[in-house]
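One file, data-v3.pdb, carrying PDB, N, CA and C atoms, pLDDT in the B column:
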```pdb
MODEL        1
ATOM      1  N   MET G   1      99.518 162.327 150.151  1.00 52.00           N
ATOM      2  CA  MET G   1      98.374 162.413 149.260  1.00 52.00           C
ATOM      3  C   MET G   1      98.874 162.330 147.819  1.00 52.00           C
ATOM      4  N   ALA G   2      98.202 161.580 147.000  1.00 54.00           N
ATOM      5  CA  ALA G   2      98.603 161.399 145.604  1.00 54.00           C
ATOM      6  C   ALA G   2      98.269 162.637 144.782  1.00 54.00           C
ATOM      7  N   LYS G   3      99.146 162.917 143.822  1.00 53.00           N
ATOM      8  CA  LYS G   3      98.900 164.042 142.921  1.00 53.00           C
ATOM      9  C   LYS G   3      97.835 163.671 141.905  1.00 53.00           C
ATOM     10  N   SER G   4      97.103 164.661 141.464  1.00 51.00           N
ATOM     11  CA  SER G   4      96.128 164.404 140.404  1.00 51.00           C
ATOM     12  C   SER G   4      96.859 164.292 139.076  1.00 51.00           C
ATOM     13  N   ARG G   5      96.247 163.635 138.119  1.00 55.00           N
ATOM     14  CA  ARG G   5      96.864 163.467 136.804  1.00 55.00           C
ATOM     15  C   ARG G   5      97.095 164.815 136.137  1.00 55.00           C
ATOM     16  N   LYS G   6      96.203 165.751 136.373  1.00 55.00           N
ATOM     17  CA  LYS G   6      96.320 167.056 135.743  1.00 55.00           C
ATOM     18  C   LYS G   6      97.619 167.752 136.166  1.00 55.00           C
ATOM     19  N   SER G   7      97.960 167.646 137.447  1.00 55.00           N
ATOM     20  CA  SER G   7      99.174 168.306 137.912  1.00 55.00           C
ATOM     21  C   SER G   7     100.430 167.594 137.431  1.00 55.00           C
ATOM     22  N   ASP G   8     100.310 166.302 137.072  1.00 60.00           N
ATOM     23  CA  ASP G   8     101.450 165.543 136.575  1.00 60.00           C
ATOM     24  C   ASP G   8     101.736 165.835 135.105  1.00 60.00           C
ATOM     25  N   ALA G   9     100.793 166.403 134.400  1.00 62.00           N
ATOM     26  CA  ALA G   9     100.942 166.647 132.966  1.00 62.00           C
ATOM     27  C   ALA G   9     101.990 167.735 132.718  1.00 62.00           C
ATOM     28  N   ASP G  10     102.764 167.545 131.662  1.00 64.00           N
ATOM     29  CA  ASP G  10     103.770 168.515 131.259  1.00 64.00           C
ATOM     30  C   ASP G  10     103.086 169.590 130.420  1.00 64.00           C
ATOM     31  N   PRO G  11     103.081 170.839 130.865  1.00 63.00           N
ATOM     32  CA  PRO G  11     102.400 171.898 130.107  1.00 63.00           C
ATOM     33  C   PRO G  11     103.041 172.170 128.751  1.00 63.00           C
ATOM     34  N   ASN G  12     104.282 171.720 128.562  1.00 67.00           N
ATOM     35  CA  ASN G  12     104.975 171.925 127.292  1.00 67.00           C
ATOM     36  C   ASN G  12     104.796 170.761 126.333  1.00 67.00           C
ATOM     37  N   ASP G  13     104.066 169.743 126.739  1.00 61.00           N
ATOM     38  CA  ASP G  13     103.835 168.568 125.899  1.00 61.00           C
ATOM     39  C   ASP G  13     102.824 168.939 124.815  1.00 61.00           C
ATOM     40  N   ARG G  14     103.261 168.916 123.552  1.00 60.00           N
ATOM     41  CA  ARG G  14     102.413 169.324 122.432  1.00 60.00           C
ATOM     42  C   ARG G  14     101.846 168.135 121.662  1.00 60.00           C
ATOM     43  N   ARG G  15     102.036 166.926 122.186  1.00 56.00           N
ATOM     44  CA  ARG G  15     101.492 165.752 121.502  1.00 56.00           C
ATOM     45  C   ARG G  15      99.974 165.799 121.543  1.00 56.00           C
ATOM     46  N   PRO G  16      99.326 165.253 120.522  1.00 55.00           N
ATOM     47  CA  PRO G  16      97.866 165.226 120.542  1.00 55.00           C
ATOM     48  C   PRO G  16      97.375 164.374 121.699  1.00 55.00           C
ATOM     49  N   SER G  17      96.209 164.701 122.198  1.00 56.00           N
ATOM     50  CA  SER G  17      95.651 163.911 123.292  1.00 56.00           C
ATOM     51  C   SER G  17      95.415 162.483 122.835  1.00 56.00           C
ATOM     52  N   ARG G  18      95.316 161.585 123.781  1.00 55.00           N
ATOM     53  CA  ARG G  18      95.081 160.179 123.455  1.00 55.00           C
ATOM     54  C   ARG G  18      93.815 160.019 122.624  1.00 55.00           C
ATOM     55  N   ARG G  19      92.832 160.839 122.909  1.00 54.00           N
ATOM     56  CA  ARG G  19      91.551 160.752 122.222  1.00 54.00           C
ATOM     57  C   ARG G  19      91.663 161.056 120.736  1.00 54.00           C
ATOM     58  N   SER G  20      92.609 161.897 120.343  1.00 53.00           N
ATOM     59  CA  SER G  20      92.710 162.280 118.938  1.00 53.00           C
ATOM     60  C   SER G  20      93.805 161.543 118.170  1.00 53.00           C
ATOM     61  N   ARG G  21      94.571 160.705 118.854  1.00 53.00           N
ATOM     62  CA  ARG G  21      95.639 159.980 118.164  1.00 53.00           C
ATOM     63  C   ARG G  21      95.063 158.987 117.178  1.00 53.00           C
ATOM     64  N   PRO G  22      95.726 158.796 116.055  1.00 56.00           N
ATOM     65  CA  PRO G  22      95.233 157.857 115.053  1.00 56.00           C
ATOM     66  C   PRO G  22      95.228 156.414 115.552  1.00 56.00           C
ATOM     67  N   THR G  23      94.265 155.662 115.089  1.00 55.00           N
ATOM     68  CA  THR G  23      94.182 154.237 115.370  1.00 55.00           C
ATOM     69  C   THR G  23      94.439 153.535 114.058  1.00 55.00           C
ATOM     70  N   ASN G  24      95.684 153.107 113.842  1.00 63.00           N
ATOM     71  CA  ASN G  24      96.063 152.453 112.583  1.00 63.00           C
ATOM     72  C   ASN G  24      95.685 153.299 111.379  1.00 63.00           C
ATOM     73  N   GLY G  25      95.975 154.582 111.413  1.00 77.00           N
ATOM     74  CA  GLY G  25      95.737 155.454 110.283  1.00 77.00           C
ATOM     75  C   GLY G  25      94.376 156.113 110.238  1.00 77.00           C
ATOM     76  N   VAL G  26      93.499 155.764 111.184  1.00 85.00           N
ATOM     77  CA  VAL G  26      92.168 156.359 111.224  1.00 85.00           C
ATOM     78  C   VAL G  26      92.036 157.113 112.541  1.00 85.00           C
ATOM     79  N   ASN G  27      91.587 158.346 112.480  1.00 93.00           N
ATOM     80  CA  ASN G  27      91.446 159.196 113.647  1.00 93.00           C
ATOM     81  C   ASN G  27      90.332 158.676 114.557  1.00 93.00           C
ATOM     82  N   ARG G  28      90.615 158.616 115.853  1.00 95.00           N
ATOM     83  CA  ARG G  28      89.626 158.112 116.821  1.00 95.00           C
ATOM     84  C   ARG G  28      88.343 158.943 116.815  1.00 95.00           C
ATOM     85  N   GLY G  29      88.456 160.231 116.561  1.00 96.00           N
ATOM     86  CA  GLY G  29      87.272 161.082 116.500  1.00 96.00           C
ATOM     87  C   GLY G  29      86.370 160.707 115.332  1.00 96.00           C
ATOM     88  N   GLU G  30      86.993 160.380 114.202  1.00 96.00           N
ATOM     89  CA  GLU G  30      86.220 159.948 113.027  1.00 96.00           C
ATOM     90  C   GLU G  30      85.501 158.636 113.321  1.00 96.00           C
ATOM     91  N   ILE G  31      86.207 157.726 113.990  1.00 97.00           N
ATOM     92  CA  ILE G  31      85.591 156.446 114.343  1.00 97.00           C
ATOM     93  C   ILE G  31      84.414 156.689 115.280  1.00 97.00           C
ATOM     94  N   ALA G  32      84.601 157.550 116.258  1.00 97.00           N
ATOM     95  CA  ALA G  32      83.537 157.842 117.216  1.00 97.00           C
ATOM     96  C   ALA G  32      82.310 158.433 116.530  1.00 97.00           C
ATOM     97  N   ARG G  33      82.546 159.350 115.597  1.00 97.00           N
ATOM     98  CA  ARG G  33      81.407 159.952 114.886  1.00 97.00           C
ATOM     99  C   ARG G  33      80.659 158.918 114.052  1.00 97.00           C
ATOM    100  N   ARG G  34      81.397 158.042 113.379  1.00 97.00           N
ATOM    101  CA  ARG G  34      80.757 157.004 112.558  1.00 97.00           C
ATOM    102  C   ARG G  34      80.030 155.992 113.443  1.00 97.00           C
ATOM    103  N   ALA G  35      80.635 155.611 114.566  1.00 98.00           N
ATOM    104  CA  ALA G  35      79.990 154.674 115.492  1.00 98.00           C
ATOM    105  C   ALA G  35      78.697 155.279 116.039  1.00 98.00           C
ATOM    106  N   TYR G  36      78.719 156.563 116.321  1.00 98.00           N
ATOM    107  CA  TYR G  36      77.511 157.242 116.814  1.00 98.00           C
ATOM    108  C   TYR G  36      76.430 157.268 115.735  1.00 98.00           C
ATOM    109  N   ALA G  37      76.831 157.479 114.494  1.00 98.00           N
ATOM    110  CA  ALA G  37      75.869 157.462 113.392  1.00 98.00           C
ATOM    111  C   ALA G  37      75.239 156.068 113.262  1.00 98.00           C
ATOM    112  N   LEU G  38      76.035 155.030 113.453  1.00 97.00           N
ATOM    113  CA  LEU G  38      75.496 153.669 113.414  1.00 97.00           C
ATOM    114  C   LEU G  38      74.493 153.456 114.546  1.00 97.00           C
ATOM    115  N   TYR G  39      74.811 153.956 115.716  1.00 97.00           N
ATOM    116  CA  TYR G  39      73.925 153.885 116.878  1.00 97.00           C
ATOM    117  C   TYR G  39      72.597 154.595 116.589  1.00 97.00           C
ATOM    118  N   LEU G  40      72.681 155.790 116.030  1.00 97.00           N
ATOM    119  CA  LEU G  40      71.470 156.534 115.695  1.00 97.00           C
ATOM    120  C   LEU G  40      70.664 155.805 114.616  1.00 97.00           C
ATOM    121  N   GLY G  41      71.354 155.263 113.630  1.00 97.00           N
ATOM    122  CA  GLY G  41      70.699 154.559 112.538  1.00 97.00           C
ATOM    123  C   GLY G  41      69.954 153.314 112.991  1.00 97.00           C
ATOM    124  N   ARG G  42      70.373 152.757 114.122  1.00 93.00           N
ATOM    125  CA  ARG G  42      69.727 151.575 114.668  1.00 93.00           C
ATOM    126  C   ARG G  42      68.597 151.970 115.614  1.00 93.00           C
ATOM    127  N   GLY G  43      68.299 153.247 115.708  1.00 96.00           N
ATOM    128  CA  GLY G  43      67.216 153.705 116.580  1.00 96.00           C
ATOM    129  C   GLY G  43      67.647 153.876 118.026  1.00 96.00           C
ATOM    130  N   CYS G  44      68.910 154.174 118.245  1.00 96.00           N
ATOM    131  CA  CYS G  44      69.475 154.414 119.575  1.00 96.00           C
ATOM    132  C   CYS G  44      69.350 153.196 120.493  1.00 96.00           C
ATOM    133  N   GLU G  45      69.458 152.025 119.909  1.00 94.00           N
ATOM    134  CA  GLU G  45      69.399 150.779 120.677  1.00 94.00           C
ATOM    135  C   GLU G  45      70.730 150.575 121.398  1.00 94.00           C
ATOM    136  N   HIS G  46      70.660 150.440 122.712  1.00 94.00           N
ATOM    137  CA  HIS G  46      71.863 150.286 123.527  1.00 94.00           C
ATOM    138  C   HIS G  46      72.401 148.863 123.471  1.00 94.00           C
ATOM    139  N   GLY G  47      73.665 148.716 123.866  1.00 96.00           N
ATOM    140  CA  GLY G  47      74.266 147.406 123.992  1.00 96.00           C
ATOM    141  C   GLY G  47      75.105 146.961 122.815  1.00 96.00           C
ATOM    142  N   HIS G  48      75.320 147.840 121.842  1.00 96.00           N
ATOM    143  CA  HIS G  48      76.093 147.476 120.648  1.00 96.00           C
ATOM    144  C   HIS G  48      77.267 148.412 120.424  1.00 96.00           C
ATOM    145  N   ASP G  49      77.717 149.055 121.489  1.00 96.00           N
ATOM    146  CA  ASP G  49      78.765 150.063 121.341  1.00 96.00           C
ATOM    147  C   ASP G  49      80.060 149.498 120.774  1.00 96.00           C
ATOM    148  N   LEU G  50      80.482 148.350 121.242  1.00 97.00           N
ATOM    149  CA  LEU G  50      81.717 147.768 120.714  1.00 97.00           C
ATOM    150  C   LEU G  50      81.540 147.348 119.255  1.00 97.00           C
ATOM    151  N   ASP G  51      80.401 146.751 118.935  1.00 97.00           N
ATOM    152  CA  ASP G  51      80.120 146.374 117.547  1.00 97.00           C
ATOM    153  C   ASP G  51      80.141 147.601 116.640  1.00 97.00           C
ATOM    154  N   ASP G  52      79.520 148.687 117.099  1.00 97.00           N
ATOM    155  CA  ASP G  52      79.490 149.927 116.316  1.00 97.00           C
ATOM    156  C   ASP G  52      80.896 150.474 116.118  1.00 97.00           C
ATOM    157  N   TRP G  53      81.694 150.462 117.189  1.00 97.00           N
ATOM    158  CA  TRP G  53      83.061 150.986 117.102  1.00 97.00           C
ATOM    159  C   TRP G  53      83.877 150.180 116.095  1.00 97.00           C
ATOM    160  N   LEU G  54      83.821 148.863 116.212  1.00 97.00           N
ATOM    161  CA  LEU G  54      84.612 148.012 115.322  1.00 97.00           C
ATOM    162  C   LEU G  54      84.153 148.126 113.869  1.00 97.00           C
ATOM    163  N   ARG G  55      82.843 148.209 113.672  1.00 97.00           N
ATOM    164  CA  ARG G  55      82.324 148.366 112.307  1.00 97.00           C
ATOM    165  C   ARG G  55      82.762 149.707 111.726  1.00 97.00           C
ATOM    166  N   ALA G  56      82.648 150.764 112.533  1.00 97.00           N
ATOM    167  CA  ALA G  56      83.050 152.098 112.076  1.00 97.00           C
ATOM    168  C   ALA G  56      84.535 152.122 111.731  1.00 97.00           C
ATOM    169  N   GLU G  57      85.356 151.519 112.585  1.00 96.00           N
ATOM    170  CA  GLU G  57      86.793 151.469 112.337  1.00 96.00           C
ATOM    171  C   GLU G  57      87.093 150.713 111.047  1.00 96.00           C
ATOM    172  N   ARG G  58      86.433 149.582 110.855  1.00 96.00           N
ATOM    173  CA  ARG G  58      86.633 148.773 109.642  1.00 96.00           C
ATOM    174  C   ARG G  58      86.221 149.546 108.395  1.00 96.00           C
ATOM    175  N   GLU G  59      85.050 150.197 108.436  1.00 96.00           N
ATOM    176  CA  GLU G  59      84.568 150.967 107.283  1.00 96.00           C
ATOM    177  C   GLU G  59      85.530 152.103 106.927  1.00 96.00           C
ATOM    178  N   LEU G  60      85.974 152.825 107.933  1.00 95.00           N
ATOM    179  CA  LEU G  60      86.861 153.958 107.677  1.00 95.00           C
ATOM    180  C   LEU G  60      88.217 153.508 107.161  1.00 95.00           C
ATOM    181  N   LYS G  61      88.709 152.410 107.672  1.00 94.00           N
ATOM    182  CA  LYS G  61      89.988 151.873 107.181  1.00 94.00           C
ATOM    183  C   LYS G  61      89.866 151.449 105.725  1.00 94.00           C
ATOM    184  N   GLN G  62      88.729 150.855 105.381  1.00 93.00           N
ATOM    185  CA  GLN G  62      88.517 150.448 103.988  1.00 93.00           C
ATOM    186  C   GLN G  62      88.455 151.681 103.083  1.00 93.00           C
ATOM    187  N   MET G  63      87.827 152.748 103.572  1.00 90.00           N
ATOM    188  CA  MET G  63      87.714 153.974 102.776  1.00 90.00           C
ATOM    189  C   MET G  63      89.070 154.628 102.556  1.00 90.00           C
ATOM    190  N   THR G  64      89.950 154.541 103.558  1.00 85.00           N
ATOM    191  CA  THR G  64      91.261 155.187 103.453  1.00 85.00           C
ATOM    192  C   THR G  64      92.325 154.256 102.899  1.00 85.00           C
ATOM    193  N   GLY G  65      91.987 152.987 102.741  1.00 82.00           N
ATOM    194  CA  GLY G  65      92.946 152.025 102.209  1.00 82.00           C
ATOM    195  C   GLY G  65      93.928 151.518 103.241  1.00 82.00           C
ATOM    196  N   SER G  66      93.653 151.747 104.532  1.00 63.00           N
ATOM    197  CA  SER G  66      94.520 151.259 105.590  1.00 63.00           C
ATOM    198  C   SER G  66      94.315 149.769 105.777  1.00 63.00           C
ATOM    199  N   ALA G  67      95.352 149.105 106.260  1.00 57.00           N
ATOM    200  CA  ALA G  67      95.252 147.674 106.538  1.00 57.00           C
ATOM    201  C   ALA G  67      94.281 147.436 107.690  1.00 57.00           C
ATOM    202  N   VAL G  68      93.527 146.372 107.605  1.00 49.00           N
ATOM    203  CA  VAL G  68      92.554 146.066 108.665  1.00 49.00           C
ATOM    204  C   VAL G  68      93.168 145.191 109.700  1.00 49.00           C
TER     205      VAL G  68
ENDMDL
END
```

Before we go any further, please render this structure as structure tokens.
Amino acid sequence: MAKSRKSDADPNDRRPSRRSRPTNGVNRGEIARRAYALYLGRGCEHGHDLDDWLRAERELKQMTGSAV
């Protein structure tokens, strides 16, 4: 029987989770919050999640001066 991913994890590993690691200098959580705001601003219209993510990432990178 295969082990679950949880049991394979090193309890001493202090690296940030994949979800919180920076994406080219911009935190994934910040991108997610901005993408969600774009979704809400569009009236919760589905089907634009990737567009929202990329736009949010681009906007945040421009604000922080990171390369696009």

For the structure provided, state which residues fall under the PyMOL selection byres (((chain G and resi 52 and name CA) around 10) and name CA), and present them as number ranges by chain.
G: 31-32, 34-39, 47-51, 53-58

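Here atom N of Gly25 of chain G is placed at a distance of 25.0 Å from atom CA of Leu40 of chain G.
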
What separation in Å, quoted to one decimal, exists between atom CA of Glu30 of chain G and atom CA of Lys61 of chain G?
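These atoms are spaced 10.7 Å apart.
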
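One finds atom CA of Leu60 of chain G at 6.8 Å from atom CA of Val26 of chain G.
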